[in-house]
$ cat work_25.tsv   # TSV, C-alpha atoms
chain	number	residue	atom	x	y	z
A	1	MET	CA	30.82	32.17	23.14
A	2	SER	CA	32.79	30.15	20.58
A	3	LYS	CA	31.93	30.78	16.96
A	4	LEU	CA	30.10	28.29	14.77
A	5	ARG	CA	32.42	27.09	12.02
A	6	VAL	CA	30.75	26.91	8.60
A	7	GLY	CA	31.61	25.00	5.43
A	8	ILE	CA	30.13	25.96	2.05
A	9	ILE	CA	29.49	23.27	-0.58
A	10	GLY	CA	28.85	24.79	-3.99
A	11	CYS	CA	30.52	28.09	-4.88
A	12	GLY	CA	28.16	29.49	-7.49
A	13	ALA	CA	25.89	32.50	-7.66
A	14	ILE	CA	23.57	31.64	-4.75
A	15	ALA	CA	26.51	31.21	-2.38
A	16	PHE	CA	28.11	34.47	-3.52
A	17	GLN	CA	24.93	36.54	-3.63
A	18	LYS	CA	23.09	35.30	-0.53
A	19	HIS	CA	24.80	32.91	1.86
A	20	LEU	CA	28.31	34.34	2.10
A	21	PRO	CA	27.48	38.07	2.39
A	22	ALA	CA	25.00	37.30	5.19
A	23	LEU	CA	27.38	34.95	7.01
A	24	ILE	CA	30.23	37.45	6.88
A	25	LYS	CA	28.03	40.03	8.62
A	26	LEU	CA	27.65	37.54	11.49
A	27	ASN	CA	31.37	37.44	12.20
A	28	ASP	CA	30.76	37.63	15.94
A	29	LYS	CA	28.85	34.32	15.75
A	30	VAL	CA	30.23	32.39	12.77
A	31	GLU	CA	33.40	31.82	10.83
A	32	VAL	CA	33.49	30.40	7.31
A	33	ILE	CA	36.41	27.98	7.35
A	34	ALA	CA	35.95	25.78	4.26
A	35	PHE	CA	34.77	25.86	0.65
A	36	CYS	CA	34.04	22.95	-1.66
A	37	SER	CA	33.45	22.85	-5.41
A	38	ASN	CA	34.22	20.26	-8.05
A	39	ASP	CA	35.88	23.20	-9.79
A	40	GLU	CA	38.80	24.00	-7.48
A	41	ALA	CA	39.21	27.47	-9.00
A	42	LYS	CA	35.69	28.42	-7.90
A	43	ALA	CA	36.37	27.30	-4.34
A	44	ARG	CA	39.63	29.27	-4.25
A	45	ASN	CA	37.88	32.33	-5.66
A	46	ALA	CA	35.29	32.12	-2.88
A	47	ALA	CA	38.00	31.86	-0.25
A	48	GLU	CA	39.85	34.82	-1.73
A	49	LYS	CA	36.75	37.01	-1.58
A	50	PHE	CA	35.23	35.90	1.71
A	51	SER	CA	37.68	33.97	3.92
A	52	LYS	CA	41.31	33.89	2.79
A	53	ASN	CA	42.49	31.26	5.29
A	54	ALA	CA	39.69	28.78	4.56
A	55	LYS	CA	40.37	25.20	3.52
A	56	ILE	CA	39.65	24.17	-0.07
A	57	TYR	CA	37.96	20.89	-1.00
A	58	THR	CA	36.88	19.35	-4.30
A	59	ASP	CA	35.09	16.37	-2.68
A	60	TYR	CA	32.13	17.15	-0.44
A	61	ARG	CA	32.73	13.97	1.56
A	62	GLU	CA	36.03	15.35	2.78
A	63	LEU	CA	34.43	18.62	3.86
A	64	VAL	CA	31.55	17.03	5.77
A	65	ASN	CA	33.99	14.77	7.59
A	66	ASP	CA	36.16	17.70	8.68
A	67	SER	CA	35.81	17.60	12.48
A	68	ASN	CA	36.40	21.36	12.72
A	69	ILE	CA	33.15	22.17	10.89
A	70	ASP	CA	29.87	22.64	12.79
A	71	VAL	CA	27.51	23.80	10.04
A	72	VAL	CA	27.26	23.02	6.32
A	73	HIS	CA	25.47	25.12	3.70
A	74	VAL	CA	24.52	23.15	0.56
A	75	CYS	CA	24.44	25.43	-2.51
A	76	THR	CA	24.64	22.89	-5.33
A	77	PRO	CA	22.39	21.78	-8.22
A	78	ASN	CA	19.19	20.17	-6.97
A	79	VAL	CA	20.19	16.57	-7.69
A	80	LEU	CA	23.00	16.81	-5.11
A	81	HIS	CA	20.92	18.27	-2.27
A	82	ALA	CA	19.91	14.95	-0.73
A	83	PRO	CA	23.18	13.00	-0.83
A	84	ILE	CA	25.25	15.91	0.47
A	85	THR	CA	22.72	16.82	3.18
A	86	VAL	CA	22.41	13.23	4.39
A	87	ALA	CA	26.21	12.85	4.49
A	88	ALA	CA	26.61	16.10	6.41
A	89	LEU	CA	23.90	15.26	8.96
A	90	ASP	CA	25.31	11.78	9.48
A	91	ALA	CA	28.71	13.41	10.05
A	92	GLY	CA	27.19	15.47	12.88
A	93	LYS	CA	26.76	18.81	11.10
A	94	HIS	CA	23.79	21.17	11.14
A	95	VAL	CA	22.64	21.77	7.55
A	96	MET	CA	21.05	24.61	5.61
A	97	CYS	CA	20.22	23.30	2.14
A	98	GLU	CA	19.16	25.47	-0.77
A	99	LYS	CA	15.67	25.06	-2.15
A	100	PRO	CA	14.08	22.81	-3.24
A	101	MET	CA	14.67	20.26	-0.51
A	102	ALA	CA	15.18	17.49	-3.08
A	103	THR	CA	14.13	16.44	-6.57
A	104	ASN	CA	11.69	13.84	-5.22
A	105	SER	CA	9.96	12.83	-2.00
A	106	ASN	CA	12.06	9.70	-1.42
A	107	GLU	CA	15.20	11.80	-1.27
A	108	ALA	CA	13.45	14.30	0.99
A	109	LYS	CA	12.44	11.47	3.34
A	110	GLU	CA	16.07	10.38	3.50
A	111	MET	CA	16.99	13.89	4.59
A	112	LEU	CA	14.30	13.89	7.28
A	113	ASN	CA	15.42	10.54	8.60
A	114	ALA	CA	19.07	11.65	8.64
A	115	ALA	CA	18.09	14.67	10.73
A	116	LYS	CA	16.30	12.35	13.17
A	117	ARG	CA	19.27	9.98	13.39
A	118	SER	CA	21.80	12.71	13.97
A	119	GLY	CA	19.79	15.01	16.22
A	120	LYS	CA	21.16	17.93	14.20
A	121	LYS	CA	19.17	20.80	12.76
A	122	LEU	CA	18.07	20.87	9.14
A	123	THR	CA	16.46	23.76	7.30
A	124	ILE	CA	15.74	24.57	3.66
A	125	SER	CA	16.55	27.97	2.23
A	126	TYR	CA	13.20	29.58	1.40
A	127	GLN	CA	14.33	33.19	1.68
A	128	ASN	CA	11.06	34.73	0.52
A	129	ARG	CA	9.57	34.08	3.94
A	130	PHE	CA	11.93	36.75	5.23
A	131	ARG	CA	10.83	39.64	3.02
A	132	ARG	CA	9.19	42.43	4.98
A	133	ASP	CA	5.86	42.01	3.18
A	134	SER	CA	5.91	38.25	3.82
A	135	LEU	CA	6.58	38.69	7.52
A	136	LEU	CA	3.74	41.17	7.84
A	137	LEU	CA	1.34	38.94	5.91
A	138	LYS	CA	2.26	35.97	8.10
A	139	GLU	CA	1.62	38.08	11.20
A	140	ALA	CA	-1.80	39.08	9.87
A	141	CYS	CA	-2.66	35.43	9.19
A	142	GLU	CA	-1.55	34.35	12.66
A	143	ARG	CA	-3.67	37.07	14.26
A	144	GLY	CA	-6.68	35.81	12.36
A	145	ASP	CA	-7.19	39.03	10.43
A	146	LEU	CA	-8.21	37.10	7.31
A	147	GLY	CA	-10.29	34.51	9.14
A	148	GLU	CA	-10.34	31.02	7.65
A	149	ILE	CA	-8.29	31.06	4.45
A	150	TYR	CA	-10.06	28.76	2.00
A	151	VAL	CA	-8.90	30.01	-1.42
A	152	ALA	CA	-5.31	30.88	-2.32
A	153	LYS	CA	-3.15	31.46	-5.37
A	154	ALA	CA	0.59	30.86	-5.52
A	155	HIS	CA	2.19	33.06	-8.18
A	156	ALA	CA	5.54	32.42	-9.91
A	157	VAL	CA	5.13	33.82	-13.41
A	158	ARG	CA	7.63	35.49	-15.72
A	159	ARG	CA	6.72	36.75	-19.18
A	160	ARG	CA	10.17	35.94	-20.62
A	161	GLY	CA	12.58	35.00	-17.88
A	162	VAL	CA	14.36	31.76	-18.72
A	163	PRO	CA	17.62	31.49	-16.71
A	164	THR	CA	20.28	30.86	-19.35
A	165	TRP	CA	23.21	30.28	-16.99
A	166	GLY	CA	24.12	27.28	-14.88
A	167	VAL	CA	22.07	24.08	-15.18
A	168	PHE	CA	18.53	25.42	-14.88
A	169	MET	CA	17.37	23.85	-18.16
A	170	ASN	CA	18.95	20.47	-17.37
A	171	LYS	CA	16.25	18.11	-16.09
A	172	GLU	CA	18.75	15.49	-14.97
A	173	LEU	CA	20.51	17.90	-12.62
A	174	GLN	CA	17.57	20.08	-11.56
A	175	GLY	CA	14.59	17.72	-11.63
A	176	GLY	CA	12.42	20.17	-13.57
A	177	GLY	CA	12.00	23.73	-14.78
A	178	PRO	CA	10.10	26.72	-13.41
A	179	LEU	CA	7.88	24.61	-11.17
A	180	ILE	CA	10.78	23.31	-9.09
A	181	ASP	CA	12.81	26.52	-9.54
A	182	ILE	CA	10.46	29.42	-8.76
A	183	GLY	CA	7.13	27.67	-8.21
A	184	THR	CA	8.61	26.10	-5.08
A	185	HIS	CA	9.00	29.57	-3.51
A	186	ALA	CA	5.42	30.61	-4.22
A	187	LEU	CA	4.04	27.33	-2.91
A	188	ASP	CA	6.14	27.46	0.25
A	189	LEU	CA	5.04	31.02	0.96
A	190	THR	CA	1.37	30.16	0.44
A	191	LEU	CA	1.36	27.03	2.62
A	192	TRP	CA	3.29	28.86	5.36
A	193	CYS	CA	0.84	31.78	5.47
A	194	MET	CA	-2.14	29.42	5.47
A	195	ASN	CA	-0.43	27.17	8.05
A	196	ASN	CA	-2.04	24.27	6.26
A	197	TYR	CA	0.04	21.29	5.10
A	198	GLU	CA	-2.68	18.64	5.01
A	199	VAL	CA	-3.10	17.90	1.30
A	200	ASP	CA	-5.95	15.82	-0.08
A	201	SER	CA	-5.16	15.74	-3.81
A	202	VAL	CA	-3.19	17.42	-6.58
A	203	THR	CA	-4.03	17.87	-10.25
A	204	GLY	CA	-1.40	19.42	-12.51
A	205	VAL	CA	-0.44	20.17	-16.10
A	206	THR	CA	2.80	21.29	-17.74
A	207	PHE	CA	3.46	22.94	-21.11
A	208	ASN	CA	6.24	23.28	-23.70
A	209	LYS	CA	4.62	25.51	-26.30
A	210	LEU	CA	7.00	28.47	-26.59
A	211	LYS	CA	10.52	27.17	-26.07
A	212	ASN	CA	11.44	27.91	-29.71
A	213	GLN	CA	10.51	31.58	-29.22
A	214	TYR	CA	13.84	32.43	-27.59
A	215	GLN	CA	14.03	36.15	-28.45
A	216	ALA	CA	13.32	39.00	-26.01
A	217	ASN	CA	14.36	36.91	-23.02
A	218	LEU	CA	15.41	38.88	-19.94
A	219	PHE	CA	18.62	36.86	-19.66
A	220	GLY	CA	19.38	36.59	-23.36
A	221	PRO	CA	18.38	33.93	-25.92
A	222	TRP	CA	18.48	30.28	-24.89
A	223	ASP	CA	19.30	27.20	-26.93
A	224	PRO	CA	16.05	25.29	-27.65
A	225	GLN	CA	18.07	22.09	-28.11
A	226	THR	CA	19.19	22.13	-24.46
A	227	PHE	CA	15.79	23.18	-23.07
A	228	ASN	CA	14.58	19.81	-21.73
A	229	VAL	CA	12.35	20.93	-18.85
A	230	GLU	CA	8.82	22.31	-18.76
A	231	GLU	CA	8.40	26.00	-19.58
A	232	SER	CA	5.26	26.39	-17.46
A	233	ALA	CA	3.18	24.42	-14.97
A	234	PHE	CA	-0.23	24.87	-13.35
A	235	ALA	CA	-1.92	22.97	-10.57
A	236	LEU	CA	-4.99	22.75	-8.38
A	237	ILE	CA	-4.16	21.62	-4.86
A	238	LYS	CA	-7.06	20.53	-2.67
A	239	MET	CA	-6.52	20.49	1.09
A	240	LYS	CA	-8.20	18.09	3.49
A	241	ASN	CA	-10.23	20.88	5.09
A	242	GLY	CA	-11.69	21.79	1.68
A	243	ALA	CA	-9.43	24.77	0.97
A	244	ILE	CA	-7.87	25.05	-2.48
A	245	ILE	CA	-4.62	26.48	-3.84
A	246	TYR	CA	-4.10	27.40	-7.49
A	247	LEU	CA	-0.40	27.33	-8.40
A	248	GLU	CA	1.06	28.94	-11.52
A	249	ALA	CA	4.75	28.73	-12.42
A	250	ALA	CA	6.27	29.87	-15.71
A	251	TRP	CA	9.53	31.08	-17.17
A	252	ILE	CA	7.74	31.83	-20.44
A	253	LEU	CA	4.10	32.89	-20.63
A	254	ASN	CA	2.29	35.40	-22.80
A	255	THR	CA	0.82	37.44	-19.97
A	256	LEU	CA	1.11	40.92	-18.52
A	257	ASP	CA	0.49	39.70	-14.98
A	258	GLU	CA	4.06	38.87	-13.92
A	259	ARG	CA	4.39	37.89	-10.28
A	260	GLU	CA	7.12	35.85	-8.63
A	261	ALA	CA	7.24	34.41	-5.12
A	262	MET	CA	3.88	35.98	-4.30
A	263	THR	CA	0.58	34.79	-2.91
A	264	THR	CA	-3.06	35.81	-2.91
A	265	LEU	CA	-5.15	34.75	0.08
A	266	SER	CA	-8.93	34.86	0.46
A	267	GLY	CA	-10.46	34.26	3.88
A	268	THR	CA	-13.77	34.57	5.68
A	269	LYS	CA	-12.86	37.94	7.23
A	270	GLY	CA	-10.76	39.45	4.49
A	271	GLY	CA	-8.17	38.92	1.81
A	272	ALA	CA	-4.57	39.83	1.06
A	273	GLU	CA	-2.69	40.11	-2.20
A	274	MET	CA	0.96	40.49	-3.12
A	275	ARG	CA	1.37	42.13	-6.51
A	276	ARG	CA	3.62	44.29	-8.66
A	277	ASN	CA	2.64	47.92	-9.28
A	278	LYS	CA	3.26	48.46	-13.00
A	279	LEU	CA	3.47	52.24	-12.62
A	280	THR	CA	6.09	52.30	-9.87
A	281	ASN	CA	7.59	48.82	-10.54
A	282	ASN	CA	7.41	48.23	-6.78
A	283	ASP	CA	5.94	45.23	-4.99
A	284	GLU	CA	2.81	45.89	-2.95
A	285	LEU	CA	0.89	44.18	-0.19
A	286	LEU	CA	-2.82	44.96	-0.17
A	287	PHE	CA	-5.45	43.87	2.32
A	288	ASN	CA	-9.13	43.90	1.43
A	289	SER	CA	-12.32	43.46	3.45
A	290	GLU	CA	-15.74	44.95	4.16
A	291	MET	CA	-16.54	47.61	6.76
A	292	TYR	CA	-19.81	49.41	7.50
A	293	GLY	CA	-21.39	47.98	4.38
A	294	ARG	CA	-18.57	49.17	2.14
A	295	LEU	CA	-15.64	47.43	0.44
A	296	ILE	CA	-12.27	48.66	1.65
A	297	GLU	CA	-8.67	48.17	0.54
A	298	THR	CA	-5.54	48.97	2.52
A	299	GLU	CA	-2.11	49.16	0.94
A	300	VAL	CA	0.84	48.64	3.25
A	301	GLN	CA	3.81	50.83	2.44
A	302	ASN	CA	7.27	49.38	3.14
A	303	PRO	CA	6.14	47.10	5.98
A	304	ALA	CA	8.71	46.66	8.77
A	305	GLY	CA	10.27	43.27	9.27
A	306	VAL	CA	11.82	41.43	12.17
A	307	ALA	CA	15.42	42.48	12.87
A	308	TYR	CA	17.62	39.47	13.57
A	309	ASN	CA	20.93	41.26	13.03
A	310	SER	CA	20.47	44.99	12.71
A	311	PRO	CA	17.40	47.19	12.14
A	312	ILE	CA	19.38	49.21	9.58
A	313	GLU	CA	20.00	48.08	6.00
A	314	GLU	CA	19.08	44.50	6.77
A	315	THR	CA	18.46	42.32	3.74
A	316	ASP	CA	16.11	39.36	3.38
A	317	ALA	CA	19.18	37.12	3.37
A	318	ASP	CA	20.43	38.70	6.59
A	319	ARG	CA	17.16	37.85	8.28
A	320	GLU	CA	17.11	34.33	6.87
A	321	ILE	CA	20.69	33.41	7.73
A	322	GLY	CA	20.51	35.27	11.03
A	323	GLN	CA	17.52	33.31	12.33
A	324	TRP	CA	19.17	30.06	11.20
A	325	ILE	CA	22.37	30.72	13.12
A	326	ASN	CA	20.36	31.84	16.16
A	327	ALA	CA	18.27	28.65	15.96
A	328	ILE	CA	21.46	26.62	16.32
A	329	LEU	CA	22.96	28.74	19.08
A	330	GLU	CA	19.70	28.98	21.04
A	331	GLU	CA	18.69	25.36	20.38
A	332	LYS	CA	15.31	26.19	18.87
A	333	ALA	CA	13.52	25.25	15.67
A	334	PRO	CA	14.39	27.18	12.49
A	335	VAL	CA	11.66	29.19	10.78
A	336	VAL	CA	11.63	26.76	7.84
A	337	THR	CA	11.22	23.27	9.24
A	338	PRO	CA	12.20	20.19	7.22
A	339	GLU	CA	8.70	18.77	7.58
A	340	GLN	CA	7.25	21.83	5.85
A	341	ALA	CA	9.84	21.67	3.09
A	342	TYR	CA	9.14	17.96	2.64
A	343	MET	CA	5.50	18.72	1.87
A	344	VAL	CA	6.48	21.33	-0.70
A	345	THR	CA	8.64	18.71	-2.44
A	346	ARG	CA	5.85	16.13	-2.17
A	347	ILE	CA	3.36	18.49	-3.82
A	348	LEU	CA	5.76	19.45	-6.62
A	349	GLU	CA	6.40	15.77	-7.30
A	350	ALA	CA	2.65	15.13	-7.43
A	351	ILE	CA	2.17	17.96	-9.94
A	352	TYR	CA	4.77	16.46	-12.25
A	353	GLU	CA	3.22	12.99	-11.81
A	354	SER	CA	-0.27	14.29	-12.50
A	355	ALA	CA	0.93	16.14	-15.60
A	356	GLU	CA	2.61	13.00	-16.91
A	357	THR	CA	-0.22	10.56	-16.19
A	358	GLY	CA	-3.21	12.84	-16.64
A	359	LYS	CA	-4.54	11.68	-13.28
A	360	THR	CA	-5.32	13.38	-9.99
A	361	ILE	CA	-2.82	12.30	-7.31
A	362	GLU	CA	-4.35	11.37	-3.96
A	363	PHE	CA	-2.35	12.07	-0.81
A	364	MET	CA	-1.83	10.54	2.63
A	365	ASN	CA	-4.39	9.02	4.91
A	366	LYS	CA	-4.80	10.33	8.47
A	367	ASP	CA	-2.52	7.80	10.14
A	368	GLU	CA	0.32	8.70	7.81
A	369	GLU	CA	-0.22	12.40	8.46
A	370	ASN	CA	0.13	11.78	12.18
A	371	ILE	CA	3.47	10.07	11.58
A	372	LEU	CA	4.76	13.11	9.71
A	373	PHE	CA	3.17	15.95	11.67
A	374	GLY	CA	2.87	14.41	15.12
A	375	GLY	CA	6.24	15.69	16.25
A	376	HIS	CA	8.32	12.89	14.70
A	377	PHE	CA	10.60	12.64	11.70
A	378	LYS	CA	9.65	9.10	10.70
A	379	VAL	CA	7.98	9.25	7.31
A	380	GLU	CA	8.55	5.85	5.72
A	381	GLY	CA	5.67	4.38	3.75
A	382	LEU	CA	3.89	7.52	2.56
A	383	LYS	CA	1.56	6.78	-0.32
A	384	LYS	CA	1.23	8.54	-3.63

$ encode --input "work_25.tsv" --output "structure tokens"
Amino acid sequence: MSKLRVGIIGCGAIAFQKHLPALIKLNDKVEVIAFCSNDEAKARNAAEKFSKNAKIYTDYRELVNDSNIDVVHVCTPNVLHAPITVAALDAGKHVMCEKPMATNSNEAKEMLNAAKRSGKKLTISYQNRFRRDSLLLKEACERGDLGEIYVAKAHAVRRRGVPTWGVFMNKELQGGGPLIDIGTHALDLTLWCMNNYEVDSVTGVTFNKLKNQYQANLFGPWDPQTFNVEESAFALIKMKNGAIIYLEAAWILNTLDEREAMTTLSGTKGGAEMRRNKLTNNDELLFNSEMYGRLIETEVQNPAGVAYNSPIEETDADREIGQWINAILEEKAPVVTPEQAYMVTRILEAIYESAETGKTIEFMNKDEENILFGGHFKVEGLKK
């Protein structure tokens, strides 16, 4: 079997910490042959650490048009996700793009349509689906252990956790703050476990109350003058079947209930909750239900995950990148489909719109849903 040849666009922390270590472990299946950054030194540093003979580019257009490359990983600021992904797909490359899919739904639709035109695979990097607790919770949902899930909470809350590096506080480059940064993970995880992407309406609010209180931040003090995104966001998402999702996303919030990339699900047969144990500082997955007239709770200790590479010392990133490469080689759908990621982007956009206008945002009618979820990529004409 010939190896898939991978090009990396964006040589920052996410590429170094997640994508490249996982790809290097798959050296029997892939070879990283190119790096691109507008800072040539960063691209050369990546090559030195991970693939010494790789090509170096400072223009993503040159990398995506390199005929030797089969797969492109997009690890750039959010505003560049759509143009780079579309260019790579149109150049005949499979694409894994970092979350969020795009900064708005129009860009996300362009990505979907490019995937349809090219016939190449597109996935969005929502790595929290590949945690062991997430995989177990998804299995429980698919088995029907919780029954019909009609109330859910998507948690992405930090007490003081403003990222002070990179461009996280730059609205122009990122499209928003904690909602689009960490809220996107919690929302994706919740929708995926519920297996419900049919949204009826969204009502949201955002706040900037504490951005001048820059002390005691986990990542050091920030500059209030450059903080031009929301510091927290909250939303009520109503689904067409009557289910509701409450979403909370915050970098700064005066609360002791800190939870990130977690979900709480309540169904007709039982419930499940991801939470942080304050005594042990470990994450927990708890199931709750009723049996023999009594309330019961079951805590799952270190739930086993699916081994895509090796059952020993396998990270979440290993599972995520491993299934992606296998999806290409085995010609099957990736775990994170672009249609699912599109709906996450659509909901985030609606929350921002609702917060700005003070109005509830109504979603698609049934005919438009069929266009998107009827096995096709065509999504032109979706309504707000």

$ atom_distance --input "work_25.tsv" --atom1 "CA of Gly220 (chain A)" --atom2 "CA of Thr184 (chain A)"
23.7 Å

$ closest_residue --input "work_25.tsv" --among "A:Pro100, A:Gly271, A:Met262, A:Lys209" --to "Thr298 (chain A)" --atoms "only C-alpha atoms"
A:Gly271

$ closest_residue --input "work_25.tsv" --among "A:Glu284, A:Asp257, A:Glu231, A:Glu142" --to "Val162 (chain A)" --atoms "all atoms listed in the file"
A:Glu231

$ residues_around --input "work_25.tsv" --residues "Leu210 (chain A)" --least-positions-apart "5" --cutoff "12 Å" --atoms "all atoms listed in the file" --output "PyMOL selection string"
chain A and resi 159-160+162+215+217+222+224+227+230-232+250-254

$ write_last_selection --input "work_25.tsv" --atoms "C-alpha atoms" --output "compact mmCIF listing (two decimals), in the frame of the given file"
# COMPACT_ATOMS: atom_id res chain seq x y z
CA ARG A 159 6.72 36.75 -19.18
CA ARG A 160 10.17 35.94 -20.62
CA VAL A 162 14.36 31.76 -18.72
CA GLN A 215 14.03 36.15 -28.45
CA ASN A 217 14.36 36.91 -23.02
CA TRP A 222 18.48 30.28 -24.89
CA PRO A 224 16.05 25.29 -27.65
CA PHE A 227 15.79 23.18 -23.07
CA GLU A 230 8.82 22.31 -18.76
CA GLU A 231 8.40 26.00 -19.58
CA SER A 232 5.26 26.39 -17.46
CA ALA A 250 6.27 29.87 -15.71
CA TRP A 251 9.53 31.08 -17.17
CA ILE A 252 7.74 31.83 -20.44
CA LEU A 253 4.10 32.89 -20.63
CA ASN A 254 2.29 35.40 -22.80

$ atom_distance --input "work_25.tsv" --atom1 "CA of Ser67 (chain A)" --atom2 "CA of Tyr342 (chain A)"
28.4 Å

$ closest_residue --input "work_25.tsv" --among "A:Glu362, A:Glu110, A:Leu146, A:Leu329" --to "Ser2 (chain A)" --atoms "all atoms listed in the file"
A:Leu329

$ closest_atom_pairs --input "work_25.tsv" --of "region 330-359 of chain A" --to "region 186-207 of chain A" --cutoff "7 Å" --atoms "all atoms listed in the file" --output "Markdown table"
| residue | atom | partner | partner_atom | distance |
| --- | --- | --- | --- | --- |
| A:Met343 | CA | A:Tyr197 | CA | 6.8 |
| A:Val344 | CA | A:Asp188 | CA | 6.2 |
| A:Ala350 | CA | A:Val202 | CA | 6.3 |
| A:Ile351 | CA | A:Gly204 | CA | 4.6 |
| A:Tyr352 | CA | A:Gly204 | CA | 6.8 |
| A:Ser354 | CA | A:Gly204 | CA | 5.3 |
| A:Ala355 | CA | A:Val205 | CA | 4.3 |
| A:Lys359 | CA | A:Thr203 | CA | 6.9 |

$ atom_distance --input "work_25.tsv" --atom1 "CA of Asp133 (chain A)" --atom2 "CA of Leu285 (chain A)"
6.4 Å

$ closest_residue --input "work_25.tsv" --among "A:Thr264, A:Pro83, A:Lys153, A:Trp165" --to "Lys238 (chain A)" --atoms "only C-alpha atoms"
A:Lys153

$ residues_near_point --input "work_25.tsv" --point "(17.2, 17.6, -25.6)" --cutoff "12 Å" --atoms "all atoms listed in the file" --output "PyMOL selection string"
chain A and resi 169-172+211+223-230

$ closest_residue --input "work_25.tsv" --among "A:Leu348, A:Leu23, A:Val74, A:Ala88" --to "Gly177 (chain A)" --atoms "all atoms listed in the file"
A:Leu348

$ closest_residue --input "work_25.tsv" --among "A:Leu137, A:Ala114, A:Val167, A:Ile14" --to "Glu98 (chain A)" --atoms "all atoms listed in the file"
A:Ile14

$ residues_around --input "work_25.tsv" --residues "Cys36 (chain A)" --least-positions-apart "2" --cutoff "8 Å" --atoms "all atoms listed in the file" --output "list of chain:residue names"
A:Gly7, A:Ile8, A:Ile9, A:Gly10, A:Cys11, A:Ala34, A:Asn38, A:Glu40, A:Ala43, A:Ile56, A:Tyr57, A:Thr58, A:Asp59, A:Tyr60, A:Leu63

$ residues_around --input "work_25.tsv" --residues "Ser289 (chain A)" --least-positions-apart "2" --cutoff "12 Å" --atoms "all atoms listed in the file" --output "PyMOL selection string"
chain A and resi 145-147+265-273+286-287+291-299

$ decode --input "work_25.tsv" --residues "region 134-145 of chain A" --atoms "N, CA and C atoms" --output "PDB file, in the first residue's frame"
ATOM      1  N   SER A 134     -16.439  10.115  25.971  1.00  0.00           N
ATOM      2  CA  SER A 134     -17.355  10.493  24.891  1.00  0.00           C
ATOM      3  C   SER A 134     -17.777   9.280  24.076  1.00  0.00           C
ATOM      4  N   LEU A 135     -16.829   8.421  23.767  1.00  0.00           N
ATOM      5  CA  LEU A 135     -17.140   7.227  22.979  1.00  0.00           C
ATOM      6  C   LEU A 135     -18.106   6.312  23.717  1.00  0.00           C
ATOM      7  N   LEU A 136     -17.912   6.192  25.025  1.00  0.00           N
ATOM      8  CA  LEU A 136     -18.812   5.350  25.808  1.00  0.00           C
ATOM      9  C   LEU A 136     -20.204   5.965  25.888  1.00  0.00           C
ATOM     10  N   LEU A 137     -20.259   7.283  26.079  1.00  0.00           N
ATOM     11  CA  LEU A 137     -21.561   7.943  26.147  1.00  0.00           C
ATOM     12  C   LEU A 137     -22.294   7.815  24.818  1.00  0.00           C
ATOM     13  N   LYS A 138     -21.580   7.982  23.719  1.00  0.00           N
ATOM     14  CA  LYS A 138     -22.207   7.820  22.402  1.00  0.00           C
ATOM     15  C   LYS A 138     -22.739   6.404  22.232  1.00  0.00           C
ATOM     16  N   GLU A 139     -21.986   5.425  22.684  1.00  0.00           N
ATOM     17  CA  GLU A 139     -22.448   4.028  22.587  1.00  0.00           C
ATOM     18  C   GLU A 139     -23.728   3.824  23.393  1.00  0.00           C
ATOM     19  N   ALA A 140     -23.770   4.407  24.587  1.00  0.00           N
ATOM     20  CA  ALA A 140     -24.970   4.280  25.421  1.00  0.00           C
ATOM     21  C   ALA A 140     -26.173   4.918  24.745  1.00  0.00           C
ATOM     22  N   CYS A 141     -25.962   6.077  24.111  1.00  0.00           N
ATOM     23  CA  CYS A 141     -27.056   6.753  23.411  1.00  0.00           C
ATOM     24  C   CYS A 141     -27.541   5.917  22.232  1.00  0.00           C
ATOM     25  N   GLU A 142     -26.613   5.361  21.482  1.00  0.00           N
ATOM     26  CA  GLU A 142     -26.995   4.558  20.318  1.00  0.00           C
ATOM     27  C   GLU A 142     -27.730   3.290  20.720  1.00  0.00           C
ATOM     28  N   ARG A 143     -27.414   2.742  21.875  1.00  0.00           N
ATOM     29  CA  ARG A 143     -28.109   1.539  22.355  1.00  0.00           C
ATOM     30  C   ARG A 143     -29.488   1.864  22.910  1.00  0.00           C
ATOM     31  N   GLY A 144     -29.755   3.143  23.106  1.00  0.00           N
ATOM     32  CA  GLY A 144     -31.049   3.535  23.649  1.00  0.00           C
ATOM     33  C   GLY A 144     -31.116   3.487  25.151  1.00  0.00           C
ATOM     34  N   ASP A 145     -29.969   3.459  25.821  1.00  0.00           N
ATOM     35  CA  ASP A 145     -29.972   3.343  27.278  1.00  0.00           C
ATOM     36  C   ASP A 145     -30.623   4.545  27.957  1.00  0.00           C
TER      37      ASP A 145
END
